[in-house]
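Engineer: Contents of protein19.txt (compact mmCIF, C-alpha atoms) are given next:
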# COMPACT_ATOMS: atom_id res chain seq x y z
CA MET A 1 34.39 28.26 -32.61
CA ALA A 2 36.88 25.77 -31.29
CA HIS A 3 36.24 23.68 -28.22
CA SER A 4 38.96 21.87 -26.32
CA LEU A 5 37.87 18.73 -24.57
CA SER A 6 40.01 16.42 -22.52
CA GLY A 7 38.98 12.81 -22.71
CA ASN A 8 39.43 10.10 -20.12
CA SER A 9 42.90 9.36 -21.41
CA GLY A 10 43.89 12.95 -20.88
CA SER A 11 44.53 13.62 -24.54
CA LEU A 12 43.16 16.78 -26.05
CA SER A 13 41.03 16.69 -29.10
CA ILE A 14 39.96 19.70 -31.06
CA LEU A 15 36.33 19.97 -32.00
CA ALA A 16 35.76 22.55 -34.64
CA GLY A 17 32.36 24.13 -34.23
CA ALA A 18 30.28 24.42 -37.36
CA GLN A 19 29.20 27.97 -36.78
CA ASN A 20 29.95 30.72 -34.33
CA GLY A 21 26.85 30.43 -32.16
CA ILE A 22 23.50 31.08 -33.74
CA SER A 23 22.53 33.23 -36.69
CA GLU A 24 20.15 36.19 -36.52
CA GLU A 25 17.40 34.10 -38.09
CA GLU A 26 17.83 31.34 -35.53
CA ALA A 27 17.93 33.89 -32.71
CA ARG A 28 14.59 35.25 -33.88
CA ILE A 29 13.05 31.75 -33.90
CA LEU A 30 14.52 31.06 -30.47
CA ARG A 31 13.02 34.24 -29.03
CA GLY A 32 9.65 33.25 -30.47
CA LEU A 33 9.87 29.75 -29.05
CA ARG A 34 10.76 31.03 -25.62
CA ALA A 35 7.90 33.50 -25.70
CA GLY A 36 5.46 30.81 -26.83
CA ILE A 37 4.63 32.47 -30.14
CA GLU A 38 2.71 30.19 -32.50
CA GLY A 39 4.51 31.40 -35.64
CA ALA A 40 7.91 30.43 -34.26
CA TYR A 41 6.75 26.90 -33.49
CA GLN A 42 5.26 26.58 -36.94
CA GLU A 43 8.44 27.89 -38.58
CA LEU A 44 10.59 25.41 -36.68
CA ILE A 45 8.35 22.55 -37.77
CA ASP A 46 8.34 23.79 -41.38
CA ARG A 47 12.14 23.97 -41.42
CA TYR A 48 13.14 20.77 -39.69
CA GLU A 49 10.32 18.24 -39.94
CA GLN A 50 11.34 16.92 -43.34
CA PRO A 51 15.17 16.80 -42.91
CA ILE A 52 14.96 15.32 -39.43
CA PHE A 53 12.47 12.72 -40.64
CA ASN A 54 14.69 11.89 -43.62
CA MET A 55 17.73 11.46 -41.38
CA ALA A 56 15.83 9.37 -38.81
CA TYR A 57 14.45 7.20 -41.59
CA ARG A 58 17.94 6.64 -43.04
CA LEU A 59 19.31 5.79 -39.59
CA LEU A 60 16.47 3.50 -38.54
CA GLY A 61 15.10 2.26 -41.85
CA ASN A 62 11.50 2.30 -40.66
CA GLN A 63 8.82 4.93 -41.15
CA THR A 64 7.02 4.34 -37.85
CA ASP A 65 10.24 4.49 -35.85
CA ALA A 66 11.29 7.63 -37.72
CA CYS A 67 7.95 9.30 -36.89
CA ASP A 68 8.36 8.42 -33.21
CA VAL A 69 11.85 9.87 -33.19
CA VAL A 70 10.77 13.09 -34.92
CA GLN A 71 8.02 13.64 -32.36
CA GLU A 72 10.42 13.01 -29.49
CA VAL A 73 12.97 15.38 -31.02
CA PHE A 74 10.49 18.23 -31.35
CA LEU A 75 9.13 17.63 -27.87
CA LYS A 76 12.65 17.82 -26.44
CA VAL A 77 13.46 20.92 -28.47
CA PHE A 78 10.29 22.69 -27.29
CA ARG A 79 10.92 21.77 -23.66
CA SER A 80 14.68 22.43 -23.64
CA VAL A 81 14.66 25.65 -25.61
CA HIS A 82 14.86 27.66 -22.39
CA SER A 83 18.04 25.88 -21.32
CA PHE A 84 19.70 26.00 -24.75
CA ARG A 85 22.95 27.92 -24.17
CA GLU A 86 23.47 28.90 -27.83
CA GLN A 87 27.03 27.59 -27.93
CA SER A 88 26.24 25.86 -31.22
CA SER A 89 23.80 26.68 -33.97
CA LEU A 90 20.14 25.81 -33.55
CA ARG A 91 20.37 23.46 -36.53
CA THR A 92 23.34 21.59 -35.02
CA TRP A 93 21.61 21.36 -31.66
CA ILE A 94 18.44 19.92 -33.19
CA TYR A 95 20.40 17.40 -35.25
CA ARG A 96 22.38 16.38 -32.15
CA ILE A 97 19.14 15.69 -30.30
CA ALA A 98 17.84 13.77 -33.32
CA VAL A 99 20.95 11.58 -33.64
CA ASN A 100 20.91 10.78 -29.92
CA GLU A 101 17.20 10.06 -30.01
CA ALA A 102 17.60 7.75 -33.02
CA HIS A 103 20.42 5.88 -31.27
CA ASN A 104 18.35 5.55 -28.09
CA HIS A 105 15.39 4.33 -30.12
CA ARG A 106 17.47 1.72 -31.89
CA ARG A 107 19.07 0.56 -28.65
CA TRP A 108 15.67 0.36 -26.96
CA PHE A 109 14.28 -1.65 -29.85
CA ALA A 110 17.28 -3.97 -29.84
CA ARG A 111 16.99 -4.51 -26.09
CA HIS A 112 13.23 -4.95 -25.79
CA CYS A 113 12.16 -6.43 -29.08
CA ARG A 114 15.03 -8.81 -29.80
CA ARG A 115 13.27 -11.78 -28.25
CA GLU A 116 9.80 -10.89 -29.40
CA VAL A 117 8.22 -12.98 -32.10
CA PRO A 118 6.67 -10.63 -34.67
CA LEU A 119 3.33 -11.37 -36.28
CA GLU A 120 4.97 -11.02 -39.68
CA LYS A 121 7.57 -13.52 -40.75
CA HIS A 122 10.36 -11.00 -40.42
CA ARG A 123 10.90 -7.32 -39.72
CA PRO A 124 12.19 -5.79 -42.97
CA ASP A 125 15.48 -3.93 -42.87
CA TYR A 126 13.83 -1.08 -44.69
CA ASP A 127 10.28 0.04 -45.04
CA TYR A 128 9.87 0.13 -48.80
CA SER A 129 6.26 1.28 -48.61
CA ILE A 130 7.39 4.78 -47.69
CA GLU A 131 6.62 7.57 -50.11
CA LEU A 132 9.80 8.85 -51.78
CA ALA A 133 10.33 11.80 -54.06
CA GLN A 134 10.48 10.43 -57.65
CA ASP A 135 11.99 12.08 -60.71
CA PRO A 136 9.12 12.20 -63.27
CA GLY A 137 11.59 12.71 -66.16
CA ARG A 138 13.08 9.20 -65.78
CA SER A 139 12.00 6.36 -68.05
CA PRO A 140 10.19 3.35 -66.54
CA TYR A 141 13.37 1.28 -67.05
CA HIS A 142 15.53 3.79 -65.23
CA GLN A 143 12.90 4.20 -62.54
CA ALA A 144 12.93 0.44 -61.99
CA LEU A 145 16.73 0.46 -61.95
CA ASP A 146 16.71 3.38 -59.53
CA SER A 147 14.29 1.56 -57.30
CA GLU A 148 16.42 -1.59 -57.34
CA THR A 149 19.59 0.39 -56.63
CA ARG A 150 17.88 2.30 -53.85
CA MET A 151 16.72 -0.89 -52.18
CA MET A 152 20.21 -2.38 -52.34
CA VAL A 153 21.85 0.76 -50.98
CA GLU A 154 19.32 1.03 -48.18
CA ARG A 155 19.77 -2.63 -47.32
CA ALA A 156 23.54 -2.18 -47.27
CA LEU A 157 23.17 0.97 -45.17
CA SER A 158 21.14 -0.89 -42.57
CA LYS A 159 23.86 -3.53 -42.20
CA ILE A 160 26.85 -1.35 -41.40
CA ASN A 161 27.95 -0.22 -37.95
CA PRO A 162 25.54 2.45 -36.60
CA LEU A 163 28.42 4.81 -35.74
CA PHE A 164 29.74 4.71 -39.30
CA ARG A 165 26.20 4.83 -40.73
CA THR A 166 25.46 8.03 -38.80
CA ALA A 167 28.59 9.74 -40.11
CA VAL A 168 27.88 8.66 -43.70
CA VAL A 169 24.22 9.69 -43.51
CA LEU A 170 25.09 13.13 -42.12
CA ARG A 171 27.79 13.67 -44.75
CA ASP A 172 26.45 12.06 -47.93
CA ILE A 173 22.67 12.27 -47.44
CA GLN A 174 22.26 15.36 -45.26
CA ASN A 175 25.20 17.13 -46.98
CA MET A 176 26.74 18.42 -43.78
CA SER A 177 30.28 19.67 -43.41
CA TYR A 178 32.87 17.82 -41.34
CA GLU A 179 32.73 20.59 -38.76
CA GLU A 180 28.98 20.33 -38.38
CA ILE A 181 29.18 16.55 -38.04
CA ALA A 182 31.92 16.92 -35.42
CA ASP A 183 29.73 19.34 -33.48
CA ILE A 184 26.65 17.12 -33.72
CA LEU A 185 28.42 13.91 -32.74
CA GLN A 186 30.74 15.65 -30.26
CA ILE A 187 33.83 14.05 -31.77
CA SER A 188 37.01 15.37 -33.37
CA LEU A 189 37.38 16.17 -37.07
CA GLY A 190 39.81 13.28 -37.50
CA THR A 191 37.29 10.85 -36.04
CA VAL A 192 34.60 12.23 -38.34
CA LYS A 193 36.72 11.59 -41.43
CA SER A 194 37.73 8.18 -40.16
CA ARG A 195 34.11 7.17 -39.57
CA ILE A 196 33.04 8.42 -42.98
CA LEU A 197 35.86 6.49 -44.64
CA ARG A 198 35.08 3.28 -42.76
CA GLY A 199 31.38 3.70 -43.42
CA ARG A 200 31.91 4.13 -47.16
CA GLU A 201 34.25 1.15 -47.24
CA ALA A 202 31.73 -1.00 -45.39
CA LEU A 203 29.03 0.10 -47.83
CA ARG A 204 31.28 -0.67 -50.78
CA ARG A 205 31.88 -4.20 -49.49
CA GLU A 206 28.17 -4.75 -48.87
CA LEU A 207 27.23 -3.50 -52.35
CA ASN A 208 29.91 -5.62 -53.95
CA GLN A 209 28.39 -8.66 -52.27
CA GLN A 210 24.96 -7.68 -53.59
CA ALA A 211 26.46 -7.05 -57.06
CA ILE A 212 24.95 -3.65 -57.66
CA PRO A 213 24.97 -3.07 -61.48
CA GLY A 214 26.96 0.16 -61.50
CA LEU A 215 29.61 -1.23 -59.20
CA ALA A 216 29.82 -4.45 -61.16
CA GLU A 217 30.74 -2.42 -64.23
CA VAL A 218 33.46 -0.66 -62.29
CA LEU A 219 34.77 -3.93 -60.97
CA ALA A 220 34.90 -5.46 -64.44
CA MET B 221 52.73 8.59 -52.03
CA ASN B 222 51.95 5.06 -50.93
CA CYS B 223 48.55 3.28 -50.80
CA TRP B 224 48.15 3.77 -47.02
CA THR B 225 48.54 7.57 -47.26
CA ALA B 226 46.25 7.72 -50.28
CA LYS B 227 43.58 5.75 -48.44
CA ARG B 228 43.83 8.02 -45.40
CA ARG B 229 43.07 11.01 -47.57
CA SER B 230 40.41 9.33 -49.67
CA THR B 231 37.54 10.96 -47.76
CA ASN B 232 38.78 14.48 -48.48
CA PHE B 233 39.69 13.51 -52.04
CA ILE B 234 36.25 12.10 -52.85
CA ASP B 235 34.49 15.00 -51.13
CA GLY B 236 36.66 17.50 -53.02
CA THR B 237 38.01 19.20 -49.91
CA LEU B 238 41.75 18.67 -50.60
CA ARG B 239 44.16 21.37 -51.66
CA GLU B 240 45.17 21.27 -55.31
CA ARG B 241 48.75 20.16 -54.58
CA GLU B 242 47.63 17.26 -52.41
CA ARG B 243 44.96 16.32 -54.89
CA ALA B 244 47.51 16.17 -57.73
CA ARG B 245 49.73 13.81 -55.70
CA ILE B 246 46.82 11.43 -55.13
CA VAL B 247 45.83 11.55 -58.81
CA ARG B 248 49.40 10.60 -59.72
CA HIS B 249 49.23 7.66 -57.31
CA LEU B 250 45.88 6.49 -58.70
CA ASN B 251 47.31 6.53 -62.22
CA GLU B 252 50.03 4.19 -61.04
CA CYS B 253 48.02 1.93 -58.67
CA ARG B 254 45.08 0.05 -60.19
CA THR B 255 43.87 -1.33 -56.82
CA CYS B 256 43.62 2.13 -55.26
CA SER B 257 42.07 3.47 -58.43
CA ASN B 258 39.30 0.82 -58.29
CA ASP B 259 38.71 1.39 -54.57
CA PHE B 260 38.48 5.15 -55.02
CA GLU B 261 36.12 4.79 -57.97
CA GLN B 262 33.83 2.45 -56.05
CA MET B 263 33.78 4.81 -53.08
CA ARG B 264 32.96 7.71 -55.34
CA LEU B 265 30.10 5.67 -56.76
CA VAL B 266 28.86 4.82 -53.26
CA ARG B 267 28.86 8.51 -52.39
CA SER B 268 27.02 9.53 -55.54
CA THR B 269 24.48 6.73 -55.04
CA LEU B 270 23.83 7.91 -51.49
CA GLN B 271 23.48 11.50 -52.65
CA GLU B 272 20.97 10.45 -55.29
CA LEU B 273 18.78 8.58 -52.80
CA PRO B 274 15.30 10.11 -52.93
CA VAL B 275 14.16 12.16 -49.98
CA ALA B 276 11.84 10.28 -47.63
CA LYS B 277 8.60 12.21 -47.25
CA PRO B 278 7.10 12.32 -43.77
CA PRO B 279 3.52 11.04 -43.54
CA ALA B 280 0.77 13.66 -43.40
CA ASN B 281 -0.30 12.75 -39.87
CA LEU B 282 3.18 13.54 -38.53
CA ARG B 283 2.63 17.25 -39.15
CA ALA B 284 -0.65 17.14 -37.25
CA ALA B 285 1.01 15.31 -34.37
CA LEU B 286 3.81 17.88 -34.22
CA GLN B 287 1.33 20.73 -34.21
CA VAL B 288 -0.50 19.14 -31.30
CA VAL B 289 2.79 18.82 -29.41
CA ALA B 290 3.65 22.45 -30.20
CA SER B 291 0.23 23.66 -29.10
CA ARG B 292 0.50 21.80 -25.80
CA GLU B 293 3.95 23.16 -25.09
CA ARG B 294 2.89 26.72 -25.95
CA GLN B 295 -0.01 26.35 -23.56
CA ALA B 296 2.40 25.22 -20.86
CA ILE B 297 4.49 28.35 -21.40
CA ALA B 298 1.36 30.50 -21.31
CA ASP B 299 0.35 28.95 -18.01
CA GLY B 300 3.62 30.21 -16.56
CA ALA B 301 5.62 28.83 -13.68
CA TRP B 302 2.62 27.08 -12.18
CA SER B 303 2.31 24.87 -15.23
CA ARG B 304 4.97 22.50 -13.92
CA VAL B 305 3.29 22.24 -10.53
CA ARG B 306 -0.05 21.77 -12.25
CA ARG B 307 1.33 19.05 -14.50
CA ILE B 308 2.74 17.18 -11.50
CA TRP B 309 -0.54 17.67 -9.61
CA ASN B 310 -2.59 16.41 -12.58
CA ARG B 311 -0.28 13.45 -12.99
CA TRP B 312 -0.68 12.45 -9.35
CA LEU B 313 -4.42 13.07 -9.53
CA PHE B 314 -4.62 10.78 -12.52
CA ARG B 315 -2.59 8.09 -10.75
CA LEU B 316 -4.77 8.36 -7.64
CA ASP B 317 -7.91 8.10 -9.73
CA ASP B 318 -6.41 5.13 -11.52
CA ALA B 319 -5.56 3.44 -8.23
CA MET B 320 -8.93 4.16 -6.60
CA ARG B 321 -11.00 3.05 -9.57
CA PRO B 322 -10.85 -0.70 -8.77
CA ILE B 323 -12.16 -0.17 -5.22
CA THR B 324 -14.78 2.44 -6.11
CA LEU B 325 -17.48 -0.10 -6.95
CA PRO B 326 -17.17 -2.16 -3.74
CA ALA B 327 -17.02 1.04 -1.68
CA THR B 328 -20.14 2.41 -3.36
CA GLY B 329 -21.90 -0.90 -2.92
CA GLY B 330 -20.97 -0.97 0.75
CA LEU B 331 -22.19 2.58 1.26
CA ALA B 332 -25.49 1.84 -0.49
CA SER B 333 -25.97 -1.31 1.59
CA SER B 334 -25.30 0.63 4.79
CA ILE B 335 -27.85 3.29 3.86
CA ILE B 336 -30.50 0.68 3.04
CA LEU B 337 -29.82 -1.25 6.25
CA PHE B 338 -29.85 1.88 8.38
CA GLY B 339 -33.05 3.01 6.70
CA ALA B 340 -34.71 -0.31 7.52
CA LEU B 341 -33.57 -0.25 11.14
CA SER B 342 -34.51 3.38 11.67
CA PHE B 343 -38.20 2.36 11.87
CA THR B 344 -37.48 0.01 14.74
CA ILE B 345 -35.28 2.62 16.47
CA GLY B 346 -38.14 5.07 16.23
CA THR B 347 -40.58 2.65 17.90
CA THR B 348 -38.39 2.21 20.96
CA THR B 349 -38.38 5.88 21.70
CA ARG B 350 -41.98 6.56 20.86
CA VAL B 351 -44.57 6.77 23.64
CA SER B 352 -46.84 3.75 23.50
CA ASN B 353 -50.39 3.70 24.74
CA TYR B 354 -51.57 0.34 25.99
CA GLU B 355 -54.83 -0.43 27.59
CA VAL B 356 -53.73 -2.99 30.13
CA PRO B 357 -56.05 -4.32 32.83
CA ILE B 358 -54.52 -4.20 36.33
CA MET B 359 -55.11 -7.42 38.18
CA TYR B 360 -55.55 -7.49 41.93
CA ALA B 361 -55.69 -10.29 44.52
CA ASP B 362 -56.66 -9.54 48.09
CA HIS B 363 -54.83 -12.55 49.49
CA TRP B 364 -52.13 -15.02 48.53
CA GLY B 365 -53.36 -17.74 46.23
CA ALA B 366 -56.56 -15.95 45.29
CA ASN B 367 -57.45 -15.57 41.67
CA LEU B 368 -56.46 -12.30 40.18
CA VAL B 369 -59.35 -10.07 39.32
CA PRO B 370 -59.29 -6.81 37.46
CA PHE B 371 -58.70 -3.90 39.78
CA GLN B 372 -61.02 -1.01 39.29
CA LEU B 373 -59.46 2.39 39.63
CA ARG B 374 -61.45 5.34 40.79
CA SER B 375 -59.27 7.93 39.06
CA SER B 376 -56.35 8.16 36.68
CA VAL B 377 -53.10 6.89 38.10
CA VAL B 378 -49.59 7.36 36.76
CA LEU B 379 -47.13 4.65 37.64
CA THR B 380 -43.46 5.64 37.23
CA LEU B 381 -40.99 2.81 37.06
CA ASN B 382 -37.22 2.91 37.11
CA LEU B 383 -35.65 -0.07 35.40
CA ASP B 384 -32.11 -1.31 35.40
CA GLY B 385 -30.28 -2.54 32.29
CA LYS B 386 -31.87 -5.98 32.65
CA GLY B 387 -35.39 -4.67 32.76
CA ARG B 388 -35.82 -5.18 36.52
CA ILE B 389 -37.69 -2.60 38.54
CA THR B 390 -35.40 -0.74 40.91
CA GLU B 391 -37.99 1.73 42.21
CA TYR B 392 -41.41 2.98 41.39
CA GLY B 393 -43.79 5.79 42.20
CA ILE B 394 -47.53 6.26 41.90
CA ARG B 395 -49.12 9.59 41.23
CA ASP B 396 -52.85 9.87 41.88
CA GLY B 397 -54.05 13.37 41.24
CA SER B 398 -51.99 15.65 43.43
CA ALA B 399 -50.64 12.86 45.73
CA PHE B 400 -47.42 11.01 44.94
CA PHE B 401 -46.32 7.77 46.48
CA VAL B 402 -42.85 6.27 46.22
CA GLY B 403 -43.01 2.53 46.58
CA ASP B 404 -40.57 -0.08 47.78
CA THR B 405 -39.73 -2.75 45.26
CA ALA B 406 -40.04 -5.46 47.90
CA ARG B 407 -43.61 -4.40 48.49
CA LEU B 408 -44.54 -5.07 44.89
CA GLN B 409 -44.17 -8.75 45.45
CA TYR B 410 -45.43 -8.57 48.99
CA ASN B 411 -48.63 -6.86 47.95
CA ASN B 412 -49.01 -9.13 44.95
CA ILE B 413 -48.86 -6.28 42.57
CA ALA B 414 -48.15 -7.77 39.17
CA VAL B 415 -46.89 -5.36 36.61
CA PRO B 416 -47.91 -6.61 33.19
CA ASP B 417 -45.36 -7.55 30.60
CA PHE B 418 -44.99 -5.61 27.42
CA PRO B 419 -44.08 -8.33 24.95
CA SER B 420 -44.63 -6.23 21.86
CA VAL B 421 -42.18 -3.62 23.14
CA LEU B 422 -39.59 -6.09 24.38
CA ALA B 423 -39.68 -7.91 21.08
CA VAL B 424 -38.12 -4.99 19.23
CA ALA B 425 -35.99 -3.31 21.88
CA GLN B 426 -33.74 -4.06 24.80
CA PRO B 427 -34.67 -2.67 28.24
CA ILE B 428 -32.88 0.50 29.17
CA SER B 429 -32.07 1.84 32.62
CA ARG B 430 -34.41 4.79 32.45
CA GLY B 431 -37.66 5.83 33.92
CA ILE B 432 -40.88 4.63 32.36
CA SER B 433 -44.15 6.33 32.99
CA ILE B 434 -47.32 4.30 32.68
CA SER B 435 -50.71 5.92 32.89
CA PHE B 436 -53.67 3.96 34.23
CA THR B 437 -57.11 5.10 33.21
CA PRO B 438 -60.23 3.85 35.09
CA ILE B 439 -62.32 1.40 33.12
CA VAL B 440 -65.57 -0.23 34.14
CA TYR B 441 -66.10 -3.98 34.11
CA ARG B 442 -69.39 -5.76 34.49
CA GLN B 443 -69.17 -8.75 36.80
So that I can check it, write out the structure of this file as structure tokens.
Structural biologist:
Amino acid sequence: MAHSLSGNSGSLSILAGAQNGISEEEARILRGLRAGIEGAYQELIDRYEQPIFNMAYRLLGNQTDACDVVQEVFLKVFRSVHSFREQSSLRTWIYRIAVNEAHNHRRWFARHCRREVPLEKHRPDYDYSIELAQDPGRSPYHQALDSETRMMVERALSKINPLFRTAVVLRDIQNMSYEEIADILQISLGTVKSRILRGREALRRELNQQAIPGLAEVLA
Amino acid sequence: MNCWTAKRRSTNFIDGTLRERERARIVRHLNECRTCSNDFEQMRLVRSTLQELPVAKPPANLRAALQVVASRERQAIADGAWSRVRRIWNRWLFRLDDAMRPITLPATGGLASSIILFGALSFTIGTTTRVSNYEVPIMYADHWGANLVPFQLRSSVVLTLNLDGKGRITEYGIRDGSAFFVGDTARLQYNNIAVPDFPSVLAVAQPISRGISISFTPIVYRQ
């Protein structure tokens, strides 16, 4: 589905929709949600709790904030399901709500907590206490290396521009297509690619500064 | 192809979404340009590192919280159209309760004090309206300046007095058996009729402008 939007400057930009409306499976869930059927609510939670949490965590870098965002997202989905016009897929709609909610959460935190003095010495960029899926086949050395690399990547991710970070997270972590990202962020395909490119470049610079082992070998 | 064009298409190249012809042109450029080759390789590594990041697992209590939210919202749908009105009503009820809570204790205290005070005063109010029986000797003097002596009645007499708001007698009447006599207030003083005070009554109540009936019963005195 292609949407034509005219911006303030009057120029037209083409937004390529990820999918033509909703699938049969999503329509079934939507009907259940609108009718207040318990199974539909449970299915929606089963499907989207983990990916939405993962995305929120990658965007915010904090488990508590990610949990708050996930709860807000599901609350908004449950309450807005009656007004959902089905012009995009259910998955895209939920991710759009999640991205907006994460941005609002970050802005709120930046506005209200900037001048607060935390009890801890500093607020970590990333919450490293979070439970992550580990590969049991890896040796202790590689697990340690993985852990170190992960921390550096996450630290670098937290330092880049939020707009670029969102595009990179949706593309490289959530494995979404350009069209889906364009639909979620309500921007053109060209802007999506540009943001991904600038995000990756910013990450590359950050990782170079932190001298990540793999990149150091490439640089040599 | 120059470096600028190659960089513009790097996203599609790294993601593998370029057509074969375009891809071949970029590969040719990378073979010739070491700077672009390094940049592309680093970006590819960044992408693969991001893709290999482990999935963050949501905490167990998040699922429970989401199920609570879902349950509440399902209940709201089940309640129908009135649920919104009810939610608003409950919200305002809660706010009202919240606002009234600080003044509830003083108000309750004031009410309790009022009840206790009223209860204490109700005994005194009761005494002012109750009929009192006093055995009061009537004193009589046959001339001015003579000592007052008790006046002996031959039969029961009812003296009816009308008082004003200040307790002064405005008129009076005497009933003796079947006869009734309406007296003049001036004659009370003229005839040296002294109506006794009622200090115990006046101590607890103010005079009212109503009629008072006083019964006189004959008593016998030995002189």
Engineer: When the cut-off is 12 Å and we count all atoms listed in the file, which residues of chain B are near chain A, given as a PyMOL selection string?
Structural biologist: chain B and resi 226-237+254-255+257-300+304
Engineer: Can I get the selection written as a PDB file, keeping the file's coordinate frame, with C-alpha atoms?
Structural biologist:
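Contents of the output file part.pdb:
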ATOM      1  CA  ALA B 226      46.250   7.720 -50.280  1.00  0.00           C
ATOM      2  CA  LYS B 227      43.580   5.750 -48.440  1.00  0.00           C
ATOM      3  CA  ARG B 228      43.830   8.020 -45.400  1.00  0.00           C
ATOM      4  CA  ARG B 229      43.070  11.010 -47.570  1.00  0.00           C
ATOM      5  CA  SER B 230      40.410   9.330 -49.670  1.00  0.00           C
ATOM      6  CA  THR B 231      37.540  10.960 -47.760  1.00  0.00           C
ATOM      7  CA  ASN B 232      38.780  14.480 -48.480  1.00  0.00           C
ATOM      8  CA  PHE B 233      39.690  13.510 -52.040  1.00  0.00           C
ATOM      9  CA  ILE B 234      36.250  12.100 -52.850  1.00  0.00           C
ATOM     10  CA  ASP B 235      34.490  15.000 -51.130  1.00  0.00           C
ATOM     11  CA  GLY B 236      36.660  17.500 -53.020  1.00  0.00           C
ATOM     12  CA  THR B 237      38.010  19.200 -49.910  1.00  0.00           C
ATOM     13  CA  ARG B 254      45.080   0.050 -60.190  1.00  0.00           C
ATOM     14  CA  THR B 255      43.870  -1.330 -56.820  1.00  0.00           C
ATOM     15  CA  SER B 257      42.070   3.470 -58.430  1.00  0.00           C
ATOM     16  CA  ASN B 258      39.300   0.820 -58.290  1.00  0.00           C
ATOM     17  CA  ASP B 259      38.710   1.390 -54.570  1.00  0.00           C
ATOM     18  CA  PHE B 260      38.480   5.150 -55.020  1.00  0.00           C
ATOM     19  CA  GLU B 261      36.120   4.790 -57.970  1.00  0.00           C
ATOM     20  CA  GLN B 262      33.830   2.450 -56.050  1.00  0.00           C
ATOM     21  CA  MET B 263      33.780   4.810 -53.080  1.00  0.00           C
ATOM     22  CA  ARG B 264      32.960   7.710 -55.340  1.00  0.00           C
ATOM     23  CA  LEU B 265      30.100   5.670 -56.760  1.00  0.00           C
ATOM     24  CA  VAL B 266      28.860   4.820 -53.260  1.00  0.00           C
ATOM     25  CA  ARG B 267      28.860   8.510 -52.390  1.00  0.00           C
ATOM     26  CA  SER B 268      27.020   9.530 -55.540  1.00  0.00           C
ATOM     27  CA  THR B 269      24.480   6.730 -55.040  1.00  0.00           C
ATOM     28  CA  LEU B 270      23.830   7.910 -51.490  1.00  0.00           C
ATOM     29  CA  GLN B 271      23.480  11.500 -52.650  1.00  0.00           C
ATOM     30  CA  GLU B 272      20.970  10.450 -55.290  1.00  0.00           C
ATOM     31  CA  LEU B 273      18.780   8.580 -52.800  1.00  0.00           C
ATOM     32  CA  PRO B 274      15.300  10.110 -52.930  1.00  0.00           C
ATOM     33  CA  VAL B 275      14.160  12.160 -49.980  1.00  0.00           C
ATOM     34  CA  ALA B 276      11.840  10.280 -47.630  1.00  0.00           C
ATOM     35  CA  LYS B 277       8.600  12.210 -47.250  1.00  0.00           C
ATOM     36  CA  PRO B 278       7.100  12.320 -43.770  1.00  0.00           C
ATOM     37  CA  PRO B 279       3.520  11.040 -43.540  1.00  0.00           C
ATOM     38  CA  ALA B 280       0.770  13.660 -43.400  1.00  0.00           C
ATOM     39  CA  ASN B 281      -0.300  12.750 -39.870  1.00  0.00           C
ATOM     40  CA  LEU B 282       3.180  13.540 -38.530  1.00  0.00           C
ATOM     41  CA  ARG B 283       2.630  17.250 -39.150  1.00  0.00           C
ATOM     42  CA  ALA B 284      -0.650  17.140 -37.250  1.00  0.00           C
ATOM     43  CA  ALA B 285       1.010  15.310 -34.370  1.00  0.00           C
ATOM     44  CA  LEU B 286       3.810  17.880 -34.220  1.00  0.00           C
ATOM     45  CA  GLN B 287       1.330  20.730 -34.210  1.00  0.00           C
ATOM     46  CA  VAL B 288      -0.500  19.140 -31.300  1.00  0.00           C
ATOM     47  CA  VAL B 289       2.790  18.820 -29.410  1.00  0.00           C
ATOM     48  CA  ALA B 290       3.650  22.450 -30.200  1.00  0.00           C
ATOM     49  CA  SER B 291       0.230  23.660 -29.100  1.00  0.00           C
ATOM     50  CA  ARG B 292       0.500  21.800 -25.800  1.00  0.00           C
ATOM     51  CA  GLU B 293       3.950  23.160 -25.090  1.00  0.00           C
ATOM     52  CA  ARG B 294       2.890  26.720 -25.950  1.00  0.00           C
ATOM     53  CA  GLN B 295      -0.010  26.350 -23.560  1.00  0.00           C
ATOM     54  CA  ALA B 296       2.400  25.220 -20.860  1.00  0.00           C
ATOM     55  CA  ILE B 297       4.490  28.350 -21.400  1.00  0.00           C
ATOM     56  CA  ALA B 298       1.360  30.500 -21.310  1.00  0.00           C
ATOM     57  CA  ASP B 299       0.350  28.950 -18.010  1.00  0.00           C
ATOM     58  CA  GLY B 300       3.620  30.210 -16.560  1.00  0.00           C
ATOM     59  CA  ARG B 304       4.970  22.500 -13.920  1.00  0.00           C
TER      60      ARG B 304
END
Engineer: Show me, as a list in words, the residues that have an atom within 12 Å of Arg96 in chain A when counting only C-alpha atoms, minus same-chain residues fewer than 2 positions from it.
Structural biologist: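 Skipping anything fewer than 2 positions along the chain leaves Ile52, Met55, Ala56, Val73, Lys76, Val77, Ser88, Ser89, Leu90, Arg91, Thr92, Trp93, Ile94, Ala98, Val99, Asn100, Glu101, Ala102, His103, Thr166, Leu170, Glu180, Ile181, Ala182, Asp183, Ile184, Leu185, Gln186 and Ile187 of chain A.
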Engineer: If you measure from CA of Cys223 in chain B to CA of Cys253 in chain B, what distance in Å do you get, rounded to one decimal?
Structural biologist: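 About the pair CA of Cys223 in chain B and CA of Cys253 in chain B: they are 8.0 Å apart.
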Engineer: What is the CA of Thr380 in chain B-CA of Ser342 in chain B distance in Å, reported with one decimal?
Structural biologist: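 According to the coordinates, CA of Thr380 in chain B and CA of Ser342 in chain B are separated by 27.2 Å.
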